[in-house]
file query.cif (mmCIF, C-alpha atoms and all ligand atoms)
data_final
loop_
_atom_site.label_atom_id
_atom_site.label_comp_id
_atom_site.auth_asym_id
_atom_site.auth_seq_id
_atom_site.Cartn_x
_atom_site.Cartn_y
_atom_site.Cartn_z
CA MET A 78 0.00 0.00 0.00
CA ARG A 79 2.95 2.26 0.66
CA THR A 80 3.85 2.33 -3.01
CA VAL A 81 0.32 2.98 -4.14
CA SER A 82 -0.16 5.69 -1.52
CA LEU A 83 2.99 7.50 -2.50
CA VAL A 84 2.17 7.22 -6.16
CA SER A 85 -1.30 8.49 -5.51
CA VAL A 86 -0.02 11.40 -3.47
CA ALA A 87 2.48 12.26 -6.17
CA LEU A 88 -0.21 12.03 -8.81
CA ILE A 89 -2.56 14.18 -6.77
CA ILE A 90 0.01 16.89 -6.15
CA THR A 91 1.52 16.97 -9.60
CA VAL A 92 -1.62 16.52 -11.61
CA GLY A 93 -3.40 18.88 -9.28
CA THR A 94 -0.96 21.70 -9.68
CA LEU A 95 -0.22 21.28 -13.36
CA PHE A 96 -3.55 20.30 -14.82
CA MET A 97 -5.47 23.23 -13.51
CA PRO A 98 -4.87 26.14 -15.83
CA SER A 99 -8.08 28.10 -15.58
CA ALA A 100 -8.18 28.47 -19.35
CA MET A 101 -9.00 24.78 -19.53
CA ALA A 102 -11.84 24.96 -17.10
CA GLU A 103 -14.44 25.85 -19.67
CA MET A 104 -15.40 24.37 -22.97
CA SER A 105 -16.38 26.77 -25.68
CA LYS A 106 -19.63 26.37 -27.55
CA LYS A 107 -17.61 25.83 -30.71
CA GLN A 108 -15.76 22.92 -29.13
CA GLN A 109 -18.96 21.46 -27.77
CA LYS A 110 -20.32 21.47 -31.30
CA GLU A 111 -17.46 19.27 -32.41
CA TYR A 112 -18.74 16.58 -30.09
CA PRO A 113 -21.90 14.58 -30.78
CA PRO A 114 -25.18 16.00 -29.44
CA LYS A 115 -25.42 15.40 -25.71
CA ASP A 116 -27.34 12.47 -24.27
CA VAL A 117 -28.01 10.69 -27.54
CA LEU A 118 -26.15 7.89 -29.28
CA PRO A 119 -23.30 9.31 -31.38
CA ASP A 120 -23.29 8.95 -35.16
CA VAL A 121 -21.33 5.81 -36.00
CA ASN A 122 -20.64 6.91 -39.57
CA SER A 123 -18.38 9.80 -38.63
CA GLU A 124 -14.72 9.48 -39.63
CA ILE A 125 -13.47 9.54 -36.04
CA VAL A 126 -15.81 6.72 -34.96
CA LYS A 127 -14.79 4.64 -37.98
CA LYS A 128 -11.17 5.08 -36.95
CA TRP A 129 -11.97 3.96 -33.39
CA VAL A 130 -13.91 0.97 -34.70
CA ASP A 131 -10.84 -0.06 -36.69
CA GLU A 132 -8.84 -0.30 -33.43
CA VAL A 133 -10.84 -3.39 -32.44
CA ASP A 134 -10.00 -6.91 -33.59
CA TRP A 135 -13.55 -7.97 -34.35
CA SER A 136 -12.61 -11.63 -34.83
CA LYS A 137 -12.22 -11.81 -31.04
CA VAL A 138 -15.56 -10.21 -30.20
CA PRO A 139 -18.29 -12.79 -29.45
CA LYS A 140 -21.20 -12.66 -31.87
CA LEU A 141 -23.99 -12.28 -29.35
CA PRO A 142 -27.43 -10.91 -30.15
CA VAL A 143 -28.09 -7.21 -29.58
CA ALA A 144 -30.59 -6.94 -26.71
CA LYS A 145 -33.99 -5.36 -27.11
CA ALA A 146 -34.51 -2.10 -25.26
CA GLU A 147 -36.05 1.31 -25.52
CA ILE A 148 -32.78 3.15 -25.74
CA PRO A 149 -31.39 4.56 -23.48
CA ASN A 150 -33.20 2.35 -20.96
CA SER A 151 -31.74 -0.87 -19.68
CA PRO A 152 -32.72 -3.82 -21.86
CA ASP A 153 -35.60 -6.21 -21.33
CA CYS A 154 -34.22 -9.49 -20.05
CA PRO A 155 -35.38 -12.55 -21.94
CA SER A 156 -36.09 -15.71 -19.98
CA GLU A 157 -32.95 -17.39 -18.64
CA LYS A 158 -33.09 -20.23 -21.15
CA LEU A 159 -33.05 -17.79 -24.06
CA ILE A 160 -29.82 -16.15 -22.88
CA PRO A 161 -26.85 -17.68 -24.74
CA LYS A 162 -24.61 -19.66 -22.38
CA ASP A 163 -21.55 -17.70 -23.42
CA ALA A 164 -23.21 -14.30 -22.87
CA CYS A 165 -22.27 -13.82 -19.19
CA TRP A 166 -24.86 -11.03 -19.04
CA TRP A 167 -24.57 -9.36 -15.65
CA THR A 168 -27.88 -7.50 -15.62
CA CYS A 169 -29.90 -10.47 -16.79
CA ASN A 170 -28.27 -13.54 -15.26
CA GLY A 171 -25.87 -12.04 -12.76
CA CYS A 172 -22.82 -13.53 -14.44
CA VAL A 173 -19.50 -11.96 -13.48
CA ALA A 174 -16.42 -12.41 -15.68
CA ALA A 175 -13.03 -13.16 -14.10
CA ASP A 176 -11.72 -9.70 -14.84
CA ASP A 177 -14.83 -7.76 -13.76
CA ILE A 178 -14.29 -5.83 -10.55
CA GLU A 179 -17.22 -6.20 -8.17
CA ILE A 180 -15.50 -6.18 -4.76
CA CYS A 181 -12.39 -4.79 -3.11
CA PRO A 182 -10.13 -7.73 -2.27
CA ARG A 183 -9.11 -6.56 1.21
CA GLU A 184 -11.39 -6.83 4.20
CA LYS A 185 -12.91 -3.52 5.32
CA ALA A 186 -11.81 -1.88 2.05
CA TRP A 187 -14.68 0.19 0.68
CA GLY A 188 -14.61 1.08 -3.02
CA LEU A 189 -16.47 4.36 -3.05
CA THR A 190 -18.01 5.19 -6.42
CA TYR A 191 -20.28 7.96 -7.66
CA ASP A 192 -21.87 7.77 -11.10
CA ASP A 193 -23.56 10.01 -13.67
CA GLY A 194 -21.80 13.32 -12.94
CA PRO A 195 -20.27 15.78 -12.91
CA SER A 196 -23.27 17.85 -11.85
CA PRO A 197 -23.84 21.20 -10.11
CA ASP A 198 -24.11 19.21 -6.85
CA THR A 199 -20.76 17.44 -7.23
CA PRO A 200 -18.68 20.23 -5.61
CA ARG A 201 -20.73 19.81 -2.43
CA LEU A 202 -19.83 16.12 -2.37
CA LEU A 203 -16.18 16.96 -3.05
CA LYS A 204 -16.20 19.24 -0.03
CA LYS A 205 -17.54 16.44 2.15
CA LEU A 206 -14.96 13.96 0.82
CA LYS A 207 -12.17 16.45 1.42
CA GLN A 208 -13.31 16.98 5.00
CA ALA A 209 -13.28 13.21 5.50
CA ASN A 210 -9.87 12.91 3.76
CA VAL A 211 -11.30 10.33 1.38
CA THR A 212 -10.89 9.75 -2.35
CA SER A 213 -13.45 8.07 -4.56
CA THR A 214 -13.89 7.02 -8.17
CA PHE A 215 -16.20 9.16 -10.25
CA PHE A 216 -17.67 7.31 -13.24
CA VAL A 217 -18.47 10.28 -15.41
CA ILE A 218 -20.77 10.68 -18.39
CA GLY A 219 -19.18 12.35 -21.42
CA SER A 220 -22.19 14.60 -21.94
CA ARG A 221 -21.93 15.87 -18.35
CA VAL A 222 -18.17 16.40 -18.68
CA LEU A 223 -18.85 18.90 -21.46
CA GLU A 224 -21.17 20.82 -19.15
CA HIS A 225 -18.95 20.79 -16.05
CA PRO A 226 -15.31 20.44 -17.10
CA GLU A 227 -14.23 22.60 -14.17
CA THR A 228 -15.75 20.11 -11.75
CA LEU A 229 -13.98 17.21 -13.46
CA LEU A 230 -10.71 19.09 -13.06
CA GLN A 231 -11.49 19.70 -9.41
CA GLU A 232 -12.04 15.96 -8.93
CA VAL A 233 -8.62 15.22 -10.42
CA LYS A 234 -6.95 18.03 -8.47
CA GLU A 235 -8.34 16.72 -5.22
CA GLY A 236 -6.97 13.25 -5.86
CA HIS A 237 -10.06 11.42 -6.97
CA HIS A 238 -9.97 8.73 -9.62
CA ILE A 239 -11.90 9.15 -12.87
CA GLY A 240 -13.58 6.32 -14.74
CA LEU A 241 -15.97 6.36 -17.69
CA HIS A 242 -19.70 5.92 -17.68
CA THR A 243 -20.19 6.33 -21.45
CA TRP A 244 -21.33 9.25 -23.57
CA SER A 245 -25.13 9.08 -23.25
CA HIS A 246 -25.86 6.46 -20.57
CA ALA A 247 -27.55 3.87 -22.77
CA GLY A 248 -27.79 0.18 -21.91
CA MET A 249 -24.73 -1.21 -23.67
CA THR A 250 -26.03 -4.67 -24.57
CA SER A 251 -28.79 -3.08 -26.63
CA LEU A 252 -26.28 -1.22 -28.80
CA THR A 253 -24.52 -2.36 -31.95
CA ASN A 254 -20.77 -3.00 -31.79
CA GLU A 255 -20.06 0.35 -33.42
CA GLN A 256 -22.36 2.18 -31.00
CA VAL A 257 -20.59 0.57 -28.03
CA VAL A 258 -17.26 1.85 -29.37
CA ALA A 259 -18.65 5.34 -29.97
CA GLU A 260 -20.21 5.54 -26.47
CA ILE A 261 -16.93 4.64 -24.79
CA LYS A 262 -14.55 6.59 -26.99
CA TRP A 263 -16.47 9.88 -27.10
CA ALA A 264 -16.63 9.87 -23.30
CA GLU A 265 -12.93 8.98 -23.16
CA LYS A 266 -12.13 11.88 -25.48
CA ALA A 267 -14.12 14.34 -23.37
CA VAL A 268 -12.18 13.36 -20.23
CA PHE A 269 -8.88 13.38 -22.12
CA ASP A 270 -9.51 16.82 -23.64
CA VAL A 271 -10.25 18.30 -20.22
CA THR A 272 -7.67 16.50 -18.06
CA GLY A 273 -5.07 14.92 -20.35
CA LEU A 274 -5.84 11.59 -18.69
CA LYS A 275 -6.82 8.54 -20.75
CA THR A 276 -9.19 6.58 -18.56
CA LYS A 277 -8.79 2.85 -17.94
CA TYR A 278 -11.77 1.86 -15.79
CA TRP A 279 -15.39 2.03 -16.87
CA ARG A 280 -18.76 1.15 -15.47
CA PRO A 281 -21.45 0.19 -17.96
CA PRO A 282 -24.71 2.09 -17.30
CA TYR A 283 -27.13 -0.12 -15.27
CA GLY A 284 -24.19 -2.55 -14.98
CA ASP A 285 -25.43 -3.77 -18.36
CA VAL A 286 -22.58 -5.80 -19.77
CA ASP A 287 -22.18 -9.13 -21.54
CA ASN A 288 -19.21 -10.84 -23.16
CA ARG A 289 -19.65 -8.93 -26.42
CA VAL A 290 -19.57 -5.54 -24.71
CA ARG A 291 -16.82 -6.64 -22.28
CA GLU A 292 -14.52 -7.73 -25.09
CA ILE A 293 -14.99 -4.46 -26.99
CA ALA A 294 -14.23 -2.52 -23.79
CA ARG A 295 -11.19 -4.72 -23.08
CA GLN A 296 -9.78 -4.11 -26.52
CA LEU A 297 -10.18 -0.37 -26.00
CA GLY A 298 -8.07 -0.81 -22.84
CA TYR A 299 -10.84 -0.87 -20.23
CA VAL A 300 -11.43 -2.75 -17.01
CA THR A 301 -15.12 -3.27 -16.23
CA VAL A 302 -16.24 -2.24 -12.76
CA ILE A 303 -19.65 -3.30 -11.43
CA TRP A 304 -20.59 -3.06 -7.74
CA THR A 305 -21.05 -5.48 -4.89
CA LYS A 306 -24.40 -7.23 -4.73
CA GLU A 307 -26.54 -5.74 -1.93
CA TRP A 308 -24.41 -2.57 -1.88
CA ASP A 309 -26.38 -0.60 -4.46
CA SER A 310 -27.62 2.37 -2.40
CA ASN A 311 -30.58 2.88 -4.75
CA ASP A 312 -30.13 6.56 -3.97
CA TRP A 313 -31.31 7.49 -7.47
CA GLN A 314 -34.80 6.46 -6.42
CA ILE A 315 -35.02 9.39 -3.96
CA PRO A 316 -35.52 12.04 -6.65
CA ASP A 317 -37.74 9.50 -8.38
CA LYS A 318 -39.81 9.44 -5.16
CA THR A 319 -39.95 5.65 -5.12
CA ILE A 320 -37.81 5.53 -1.98
CA THR A 321 -37.14 7.99 0.83
CA ASN A 322 -33.89 9.28 2.19
CA LYS A 323 -34.59 7.41 5.42
CA GLU A 324 -35.13 4.14 3.57
CA VAL A 325 -31.79 4.50 1.78
CA ILE A 326 -30.12 5.02 5.14
CA ARG A 327 -31.97 2.08 6.67
CA ASN A 328 -31.01 -0.22 3.78
CA PHE A 329 -27.38 0.85 4.05
CA LYS A 330 -27.45 0.19 7.78
CA TRP A 331 -28.64 -3.32 7.01
CA ALA A 332 -25.82 -3.80 4.47
CA LEU A 333 -23.33 -2.59 7.09
CA SER A 334 -24.62 -5.21 9.51
CA THR A 335 -23.26 -7.88 7.12
CA VAL A 336 -19.70 -6.50 7.22
CA PRO A 337 -18.44 -8.87 9.96
CA LYS A 338 -19.40 -11.84 7.78
CA LEU A 339 -17.79 -10.55 4.58
CA LYS A 340 -14.67 -12.24 3.24
CA GLY A 341 -13.43 -9.14 1.40
CA GLY A 342 -14.29 -5.51 0.94
CA VAL A 343 -17.19 -3.97 -0.94
CA ILE A 344 -17.89 -1.56 -3.77
CA THR A 345 -20.90 0.69 -3.33
CA LEU A 346 -22.98 2.41 -5.99
CA GLU A 347 -24.03 6.01 -5.40
CA HIS A 348 -24.70 8.97 -7.66
CA ASP A 349 -23.60 12.60 -7.76
CA LEU A 350 -26.15 13.72 -10.35
CA TYR A 351 -28.91 14.86 -8.03
CA THR A 352 -29.19 17.16 -5.01
CA GLN A 353 -30.94 14.42 -3.04
CA THR A 354 -28.32 11.76 -3.78
CA VAL A 355 -25.50 14.10 -2.76
CA ASN A 356 -27.47 14.96 0.38
CA VAL A 357 -27.62 11.33 1.46
CA ALA A 358 -24.03 10.56 0.40
CA GLY A 359 -22.59 12.35 3.44
CA SER A 360 -24.70 10.29 5.85
CA LEU A 361 -23.71 7.01 4.15
CA LEU A 362 -20.04 7.97 4.25
CA ASP A 363 -20.19 8.77 7.97
CA MET A 364 -22.07 5.54 8.71
CA GLY A 365 -19.65 3.34 6.78
CA MET A 366 -16.56 4.90 8.34
CA LYS A 367 -18.06 4.62 11.82
CA LYS A 368 -18.56 0.92 11.15
CA GLY A 369 -14.85 0.53 10.35
CA LEU A 370 -14.96 0.48 6.57
CA GLU A 371 -12.06 2.23 4.86
CA PRO A 372 -13.37 4.27 1.93
CA MET A 373 -11.13 4.54 -1.13
CA ASP A 374 -11.20 4.94 -4.89
CA ILE A 375 -11.17 1.90 -7.17
CA ALA A 376 -7.49 2.26 -8.05
CA ARG A 377 -6.61 1.86 -4.37
CA CYS A 378 -9.28 -0.81 -3.91
CA VAL A 379 -7.55 -3.07 -6.45
CA ASN A 380 -4.06 -1.74 -5.66
CA ASP A 381 -3.48 -0.45 -9.18
CA PRO A 382 -0.68 2.13 -9.46
CA HIS A 383 -1.56 2.58 -13.15
CA PRO A 384 -5.09 3.91 -12.89
CA TYR A 385 -5.01 5.50 -16.37
CA GLN A 386 -4.04 4.14 -19.76
CA ASN A 387 -1.50 6.91 -20.28
CA SER A 388 0.29 6.70 -16.95
CA VAL A 389 3.46 4.64 -17.03
CA LEU A 390 5.25 3.55 -13.89
CA ALA A 391 8.21 1.29 -13.36
CA LYS A 392 6.93 -0.75 -10.44
CA LYS A 393 4.15 -3.27 -10.17
CA PRO A 394 1.72 -3.08 -7.23
CA GLU A 395 2.81 -4.81 -4.06
CA SER A 396 1.38 -8.30 -4.12
CA THR A 397 1.06 -8.42 -0.34
CA ASP A 398 -1.58 -5.75 -0.42
CA ALA A 399 -4.08 -7.42 -2.73
CA LYS A 400 -5.49 -10.89 -2.49
CA LYS A 401 -6.75 -10.69 -6.04
CA PRO A 402 -4.40 -9.70 -8.87
CA VAL A 403 -5.02 -6.42 -10.58
CA ALA A 404 -7.43 -6.91 -13.46
CA ASP A 405 -5.80 -7.21 -16.83
CA PRO A 406 -7.93 -5.60 -19.53
CA LYS A 407 -6.31 -7.75 -22.21
CA LYS A 408 -7.02 -11.00 -20.40
CA PRO A 409 -9.62 -13.14 -22.13
CA ALA A 410 -12.96 -13.53 -20.36
CA THR A 411 -13.57 -16.53 -18.21
CA VAL A 412 -17.24 -17.09 -17.69
CA ASP A 413 -18.37 -17.95 -14.19
CA THR A 414 -22.01 -18.88 -14.37
CA THR A 415 -22.04 -20.23 -10.84
CA LYS A 416 -22.39 -16.80 -9.29
CA PRO A 417 -25.84 -15.80 -8.11
CA ALA A 418 -27.98 -13.30 -9.95
CA GLY A 419 -27.07 -9.67 -9.41
CA SER A 420 -29.41 -6.79 -8.80
CA ALA A 421 -32.28 -6.20 -11.16
CA ALA A 422 -32.07 -3.75 -14.02
CA GLN A 423 -32.47 -0.19 -12.87
CA LYS A 424 -34.33 2.73 -14.20
CA PRO A 425 -32.41 5.21 -16.31
CA PHE A 426 -31.19 8.45 -14.85
CA ALA A 427 -32.62 11.64 -16.16
CA ALA A 428 -29.97 13.68 -17.88
CA THR A 429 -29.71 17.44 -17.72
CA THR A 430 -31.83 18.81 -20.49
CA PRO A 431 -30.08 20.38 -23.47
CA SER A 432 -31.82 23.66 -22.74
CA GLU A 433 -30.17 23.84 -19.32
CA ALA A 434 -26.82 23.06 -20.85
CA ASP A 435 -27.25 25.67 -23.54
CA LYS A 436 -28.15 28.19 -20.88
CA LYS A 437 -24.92 27.46 -19.01
CA ALA A 438 -22.89 27.77 -22.19
CA GLU A 439 -24.38 31.24 -22.69
CA VAL A 440 -23.21 32.28 -19.24
CA ASN A 441 -19.77 30.69 -19.31
CA PRO A 442 -16.88 32.46 -21.00
CA THR A 443 -15.75 30.74 -24.19
CA ILE A 444 -12.12 29.78 -24.07
CA SER A 445 -10.64 27.53 -26.69
CA MET A 446 -9.27 24.34 -25.19
CA THR A 447 -8.48 21.65 -27.72
CA ASP A 448 -8.77 20.69 -31.31
CA SER A 449 -11.61 18.21 -31.22
CA THR A 450 -10.06 16.17 -34.00
CA THR A 451 -7.08 15.51 -31.76
CA THR A 452 -6.76 11.89 -30.78
CA LYS A 453 -3.98 9.91 -29.20
CA GLY A 454 -0.88 10.07 -31.32
CA SER A 455 -2.26 12.78 -33.56
CA ALA A 456 0.04 15.57 -34.61
CA LYS A 457 -2.88 17.98 -34.65
CA SER A 458 -2.87 18.68 -30.91
CA SER A 459 -3.73 22.20 -29.91
CA SER A 460 -1.52 24.10 -27.51
CA ALA A 461 -3.87 23.28 -24.65
CA THR A 462 -3.64 19.58 -25.34
CA GLN A 463 0.11 19.87 -25.58
CA LEU A 464 0.03 21.59 -22.21
CA THR A 465 -1.84 18.72 -20.64
CA LEU A 466 0.47 16.18 -22.19
CA THR A 467 3.48 18.13 -20.99
CA ALA A 468 1.98 18.26 -17.53
CA SER A 469 1.35 14.55 -17.75
CA GLY A 470 4.96 13.97 -18.61
CA VAL A 471 6.17 16.06 -15.68
CA ALA A 472 3.74 14.24 -13.40
CA LEU A 473 5.09 10.89 -14.50
CA LEU A 474 8.64 12.07 -14.11
CA THR A 475 7.88 13.22 -10.57
CA ILE A 476 6.28 9.90 -9.76
CA SER A 477 9.21 8.00 -11.24
CA VAL A 478 11.65 10.01 -9.12
CA LEU A 479 9.58 9.32 -6.02
CA MET A 480 9.48 5.63 -6.87
CA MET A 481 13.23 5.54 -7.27
CA THR A 482 13.74 7.07 -3.86
CA LEU A 483 11.73 4.32 -2.16
ZN ZN B 501 -25.42 5.53 -14.34
#
call {"tool": "encode", "arguments": {"input": "query.cif", "output": "structure tokens"}}
result
Amino acid sequence: MRTVSLVSVALIITVGTLFMPSAMAEMSKKQQKEYPPKDVLPDVNSEIVKKWVDEVDWSKVPKLPVAKAEIPNSPDCPSEKLIPKDACWWTCNGCVAADDIEICPREKAWGLTYDDGPSPDTPRLLKKLKQANVTSTFFVIGSRVLEHPETLLQEVKEGHHIGLHTWSHAGMTSLTNEQVVAEIKWAEKAVFDVTGLKTKYWRPPYGDVDNRVREIARQLGYVTVIWTKEWDSNDWQIPDKTITNKEVIRNFKWALSTVPKLKGGVITLEHDLYTQTVNVAGSLLDMGMKKGLEPMDIARCVNDPHPYQNSVLAKKPESTDAKKPVADPKKPATVDTTKPAGSAAQKPFAATTPSEADKKAEVNPTISMTDSTTTKGSAKSSSATQLTLTASGVALLTISVLMMTL
């Protein structure tokens, strides 16, 4: 843990101080136009998506049927016998692949995750986390990143870990192969353009993943993160008025009562999209810590000192600190159909309406940030992108120096 902690501290300090030029904190309307429309499936016939699609070796992607759904909702599950045996479809038969992350290996370790942001309520949550001296993983939606890039930068600056939660929050198994690629890569690009970080962990919306979607994500360099059964806070139902704040707290209290019997740690599912979910998040954090759980981001949970695809470090994580090896995104799937069914498919989360976003764009100053055609390895990087990459390089150098002094 010492290595990971030091690396994390170095990353926090260096990334925090170098990645925060205020000029990058806003996205101009012009730049936003270079992205697909928010909260809808991106066009798969664009040149950039075709290029991303070509990065995948399609001979290795299982040919599973595309699920039926009213996009962007989670798909309708067919009866168990109609689900192909090699699907390993988490939402519909609870199957977990060997390289899915659904728990923290160490006892008392608490993988703290917040999905669907950034939102106007996220800074309030960040304040609470800072007071508690805790870092979490934020699984962000590309469309929200465009609206609140400054909040994403604040998350990085304050040492939190960023993962992807797709571009428009559609159920992945109901998308075509090309749509899956576009949903992941557009969100990845949004995070990269704002922070210079190429994400490595993702959470499929609704946890909706099967072996087809997993393999596409793996080939794009991603580790799939679900959550621990029984540790879904269902906080999103508070604004939906199908559950009360008190019921969420009561359910969490019940989950905490199972901690002494657990063989490892847990990963919880919460959301930072709504005022009500951020309101309850503070209570849940206090309760969990009081019960002896140690909250942490997913990188720490799995002891991964390489929490981004574009961070390169010399040392491997200390094996003594993790009972389960760090997930390898390139590792082929091993289907485990013996695991019990996971939680039922959830309702979709309402996204901020385009009119609200447009309103914000009117208010915010327009400062050019990146050339939207810039992708990894492209020579067309704007000065801002070059700045982030330079900062990234300095960050890595700093980390390397720290590692060498250990
Ligand atoms: Zn979500």
call {"tool": "residues_near_point", "arguments": {"input": "query.cif", "point": "(-30.9, -3.7, -23.1)", "cutoff": "9 Å", "atoms": "only C-alpha atoms", "output": "PyMOL selection string"}}
result
chain A and resi 143-154+168+247-252+285
call {"tool": "residues_around", "arguments": {"input": "query.cif", "residues": "Pro337 of chain A", "least_positions_apart": "2", "cutoff": "10 Å", "atoms": "only C-alpha atoms", "output": "ChimeraX atom specification"}}
result
/A:184-185,333-335,339-341,368
call {"tool": "atom_distance", "arguments": {"input": "query.cif", "atom1": "atom CA of Asp116 of chain A", "atom2": "atom CA of Ser156 of chain A"}}
result
29.8 Å
call {"tool": "residues_near_ligand", "arguments": {"input": "query.cif", "ligand": "ligand ZN 501 (chain B)", "cutoff": "6 Å", "atoms": "all atoms listed in the file", "output": "VMD selection string"}}
result
chain A and resid 192 to 193 282 to 283
call {"tool": "closest_residue", "arguments": {"input": "query.cif", "among": "A:Met366, A:Leu223, A:Ala376, A:Ile320", "to": "Lys110 of chain A", "atoms": "all atoms listed in the file"}}
result
A:Leu223
call {"tool": "residues_near_point", "arguments": {"input": "query.cif", "point": "(-11.0, 5.1, -1.8)", "cutoff": "9 Å", "atoms": "only C-alpha atoms", "output": "PyMOL selection string"}}
result
chain A and resi 186-190+211-214+237-238+371-378
call {"tool": "closest_residue", "arguments": {"input": "query.cif", "among": "A:Thr199, A:Ser136, A:Thr272, A:Ser220", "to": "Tyr385 of chain A", "atoms": "all atoms listed in the file"}}
result
A:Thr272
call {"tool": "atom_distance", "arguments": {"input": "query.cif", "atom1": "atom CA of Glu265 of chain A", "atom2": "atom CA of Arg295 of chain A"}}
result
13.8 Å
call {"tool": "atom_distance", "arguments": {"input": "query.cif", "atom1": "atom CA of Trp167 of chain A", "atom2": "atom CA of Ile293 of chain A"}}
result
15.6 Å
call {"tool": "residues_around", "arguments": {"input": "query.cif", "residues": "segment 130-134 of chain A", "least_positions_apart": "5", "cutoff": "10 Å", "atoms": "all atoms listed in the file", "output": "PyMOL selection string"}}
result
chain A and resi 121+124-125+254-259+262+292-297
call {"tool": "write_last_selection", "arguments": {"input": "query.cif", "atoms": "C-alpha atoms", "output": "tab-separated table (two decimals), in the frame of the given file"}}
result
chain	number	residue	atom	x	y	z
A	121	VAL	CA	-21.33	5.81	-36.00
A	124	GLU	CA	-14.72	9.48	-39.63
A	125	ILE	CA	-13.47	9.54	-36.04
A	254	ASN	CA	-20.77	-3.00	-31.79
A	255	GLU	CA	-20.06	0.35	-33.42
A	256	GLN	CA	-22.36	2.18	-31.00
A	257	VAL	CA	-20.59	0.57	-28.03
A	258	VAL	CA	-17.26	1.85	-29.37
A	259	ALA	CA	-18.65	5.34	-29.97
A	262	LYS	CA	-14.55	6.59	-26.99
A	292	GLU	CA	-14.52	-7.73	-25.09
A	293	ILE	CA	-14.99	-4.46	-26.99
A	294	ALA	CA	-14.23	-2.52	-23.79
A	295	ARG	CA	-11.19	-4.72	-23.08
A	296	GLN	CA	-9.78	-4.11	-26.52
A	297	LEU	CA	-10.18	-0.37	-26.00
call {"tool": "residues_around", "arguments": {"input": "query.cif", "residues": "Pro119 of chain A", "least_positions_apart": "5", "cutoff": "9 Å", "atoms": "all atoms listed in the file", "output": "number ranges by chain"}}
result
A: 112-114, 126, 244-245, 256, 259-260, 263
call {"tool": "write_last_selection", "arguments": {"input": "query.cif", "atoms": "C-alpha atoms", "output": "short mmCIF file (atom, residue, chain, number, x, y, z; two decimals), keeping the file's coordinate frame"}}
result
data_model
loop_
_atom_site.label_atom_id
_atom_site.label_comp_id
_atom_site.auth_asym_id
_atom_site.auth_seq_id
_atom_site.Cartn_x
_atom_site.Cartn_y
_atom_site.Cartn_z
CA TYR A 112 -18.74 16.58 -30.09
CA PRO A 113 -21.90 14.58 -30.78
CA PRO A 114 -25.18 16.00 -29.44
CA VAL A 126 -15.81 6.72 -34.96
CA TRP A 244 -21.33 9.25 -23.57
CA SER A 245 -25.13 9.08 -23.25
CA GLN A 256 -22.36 2.18 -31.00
CA ALA A 259 -18.65 5.34 -29.97
CA GLU A 260 -20.21 5.54 -26.47
CA TRP A 263 -16.47 9.88 -27.10
#
call {"tool": "closest_residue", "arguments": {"input": "query.cif", "among": "A:Asp163, A:Leu118, A:Lys277, A:Arg289", "to": "Val138 of chain A", "atoms": "all atoms listed in the file"}}
result
A:Arg289
call {"tool": "closest_residue", "arguments": {"input": "query.cif", "among": "A:Asp287, A:Glu307, A:Glu179, A:Glu224", "to": "Trp331 of chain A", "atoms": "all atoms listed in the file"}}
result
A:Glu307
call {"tool": "closest_residue", "arguments": {"input": "query.cif", "among": "A:Asn380, A:Thr243, A:Asn387, A:Asn322", "to": "Val357 of chain A", "atoms": "only C-alpha atoms"}}
result
A:Asn322
call {"tool": "residues_around", "arguments": {"input": "query.cif", "residues": "Gln386 of chain A", "least_positions_apart": "4", "cutoff": "8 Å", "atoms": "all atoms listed in the file", "output": "list in words"}}
result
Leu274, Lys275, Thr276, Lys277 and Gly298 of chain A
call {"tool": "closest_residue", "arguments": {"input": "query.cif", "among": "A:Pro195, A:Pro316, A:Gly171, A:Pro200", "to": "Leu229 of chain A", "atoms": "only C-alpha atoms"}}
result
A:Pro195
